[in-house]
Amino acid sequence: MISPEEYASALRTNDAEIAFVRLESKFRVALNARLENSDNNLSYESAVIEYMNHTLAAAKSLGLKGFDVWEVPSHGGSRRNNNLSDRYNDFITAVDHFKVQVQIREAKSYNRYSVALDLDEKDKLRAYVAQIKTVIDNSTLSTSKKERLYNKINAFLAEVDRDRTGFEQLADLTMSLAHLGGEAAKELEPARKLLHTINVFLGRAKEFEDSATALPPSSAQAQLPAPPKQLPAPQNVDDDIPF
């Protein structure tokens with residue numbers, strides 16, 4: 001069982017599939033911890049059934065299609081569950097199949113709103129940012145407002161230092177400057193022009209990258225493979241042998 005804080009953390013997204021991937025990963029960690037300490041078949045059975053129960057409950061709560069064809073095994077031994085280990089392994093395989101699709105979609109989405117830059121391009125961005133900081137330094141803004149802008153600038157510079165530079169922090173900085181009115185608006189006009197230059201710079205870099213790395217479109221929702229058909233449980237042959 002995971003904590004309420006872990007549920008809240010996993011659900012901080014508007015994407016049901018991403019929320020499921022996060023929750024299932026936490027359930028998997030809890031499962032593996034229990035299996036490491038499992039010393040008998042009943043402990044194994046209990047851990048596996050709990051994991052499958054929680055995973056299916058999460059999928060149902062999040063409204064994901066495809067999981068309704070799976071059932072939570074009942075307690076009562078491997079004979080009654082018709083080989084619990086095989087069912088669990090099939091379920092894990094299906095869940096991983098689903099998760100990989102979601103994670104690839106998420107990675108493609110991140111790539112859509114970020115761009116890979118070379119060292120020269122990163123240096124140019126840092127030079128523009130240094131000029132923006134100089135404008136802010138020389139302005140009559142209050143210390144608290146300057147600090148807020150510096151924090152947003154540093155957040156953007158952290159993106160520049162990554163393998164791929166995301167656009168979110170730049171948009172945040174641009175909006176923060178745009179909301180400053182009055183006399184500050186006149187003082188910070190050079191900074192706004194520099195930010196516009198950065199936006200154009202990144203936009204062109206992104207257009208060039210997209211033209212060179214176009215991928216085929218993907219389906220809107222990840223697909224979950226159906227569970228394999230289960231063979232009927234074997235009859236108790238001992239009942240048919242007279243002694």
# chains A, B, ... in the order shown; residues from 1 in each chain; ligands from 1

$ residues_around --residues "Ala10 of chain A" --least-positions-apart "5" --cutoff "8 Å" --atoms "only C-alpha atoms" --output "list in words"
Ala19, Phe20, Arg22 and Leu23 of chain A

$ write_last_selection --atoms "all heavy atoms" --output "mmCIF file, in the first residue's frame"
data_model
loop_
_atom_site.group_PDB
_atom_site.id
_atom_site.type_symbol
_atom_site.label_atom_id
_atom_site.label_comp_id
_atom_site.auth_asym_id
_atom_site.auth_seq_id
_atom_site.Cartn_x
_atom_site.Cartn_y
_atom_site.Cartn_z
ATOM 1 N N ALA A 19 -0.890 9.426 -15.129
ATOM 2 C CA ALA A 19 -1.189 9.159 -13.721
ATOM 3 C C ALA A 19 -1.137 7.658 -13.445
ATOM 4 O O ALA A 19 -0.609 7.220 -12.416
ATOM 5 C CB ALA A 19 -2.565 9.716 -13.360
ATOM 6 N N PHE A 20 -1.666 6.861 -14.377
ATOM 7 C CA PHE A 20 -1.632 5.406 -14.196
ATOM 8 C C PHE A 20 -0.199 4.889 -14.180
ATOM 9 O O PHE A 20 0.156 4.058 -13.331
ATOM 10 C CB PHE A 20 -2.417 4.710 -15.308
ATOM 11 C CG PHE A 20 -2.280 3.211 -15.280
ATOM 12 C CD1 PHE A 20 -3.035 2.447 -14.418
ATOM 13 C CD2 PHE A 20 -1.358 2.576 -16.099
ATOM 14 C CE1 PHE A 20 -2.896 1.065 -14.363
ATOM 15 C CE2 PHE A 20 -1.210 1.194 -16.058
ATOM 16 C CZ PHE A 20 -1.970 0.445 -15.185
ATOM 17 N N ARG A 22 2.498 6.397 -13.310
ATOM 18 C CA ARG A 22 3.137 6.773 -12.042
ATOM 19 C C ARG A 22 2.656 5.888 -10.900
ATOM 20 O O ARG A 22 3.464 5.419 -10.086
ATOM 21 C CB ARG A 22 2.828 8.242 -11.727
ATOM 22 C CG ARG A 22 3.450 9.235 -12.698
ATOM 23 C CD ARG A 22 2.975 10.646 -12.373
ATOM 24 N NE ARG A 22 3.542 11.651 -13.261
ATOM 25 C CZ ARG A 22 3.185 12.928 -13.256
ATOM 26 N NH1 ARG A 22 2.260 13.358 -12.394
ATOM 27 N NH2 ARG A 22 3.738 13.791 -14.086
ATOM 28 N N LEU A 23 1.347 5.676 -10.837
ATOM 29 C CA LEU A 23 0.797 4.859 -9.748
ATOM 30 C C LEU A 23 1.273 3.417 -9.857
ATOM 31 O O LEU A 23 1.687 2.808 -8.865
ATOM 32 C CB LEU A 23 -0.730 4.910 -9.769
ATOM 33 C CG LEU A 23 -1.378 6.184 -9.253
ATOM 34 C CD1 LEU A 23 -2.885 6.161 -9.520
ATOM 35 C CD2 LEU A 23 -1.124 6.349 -7.754
#

$ residues_around --residues "Lys186 of chain A" --least-positions-apart "5" --cutoff "12 Å" --atoms "only C-alpha atoms" --output "PyMOL selection string"
chain A and resi 135-136+139-141+177-178+180-181+191-193

$ atom_distance --atom1 "atom CA of Val115 of chain A" --atom2 "atom CA of Ser9 of chain A"
27.2 Å

$ residues_around --residues "segment 200-205 of chain A" --least-positions-apart "2" --cutoff "12 Å" --atoms "only C-alpha atoms" --output "VMD selection string"
chain A and resid 112 to 118 121 to 122 124 to 125 128 160 164 to 167 170 to 171 193 to 198 207 to 212

$ select_by_dssp --residues "chain A" --states "helix (DSSP H, G or I)" --output "PyMOL selection string"
chain A and resi 4-10+16-36+41-61+67-69+84-112+119-137+143-161+168-178+183-187+189-212+237-240

$ closest_residue --among "A:Leu62, A:Met52, A:Lys26, A:Asp120" --to "Thr13 of chain A" --atoms "only C-alpha atoms"
A:Leu62

$ closest_residue --among "A:Ile153, A:Ala59, A:Glu6, A:Asn83" --to "Gln131 of chain A" --atoms "only C-alpha atoms"
A:Ile153

$ residues_around --residues "Ile92 of chain A" --least-positions-apart "5" --cutoff "10 Å" --atoms "only C-alpha atoms" --output "MDAnalysis selection string"
chainID A and resid 28 52 86:87 97:98

$ atom_distance --atom1 "atom CA of Leu11 of chain A" --atom2 "atom CA of Thr93 of chain A"
23.6 Å

$ closest_residue --among "A:Glu71, A:Asp172, A:Glu24, A:Asp90" --to "Ile49 of chain A" --atoms "only C-alpha atoms"
A:Glu71

$ atom_distance --atom1 "atom CA of Asp161 of chain A" --atom2 "atom CA of Thr174 of chain A"
18.9 Å

$ select_by_dssp --residues "segment 10-241 of chain A" --states "strand (DSSP E)" --output "PyMOL selection string"
chain A and resi 114-116+164-166

$ residues_around --residues "Leu31 of chain A" --least-positions-apart "5" --cutoff "8 Å" --atoms "only C-alpha atoms" --output "ChimeraX atom specification"
/A:47-48,51

$ closest_residue --among "A:Val100, A:Ser43, A:Met1, A:Ala58" --to "Ala16 of chain A" --atoms "only C-alpha atoms"
A:Ala58
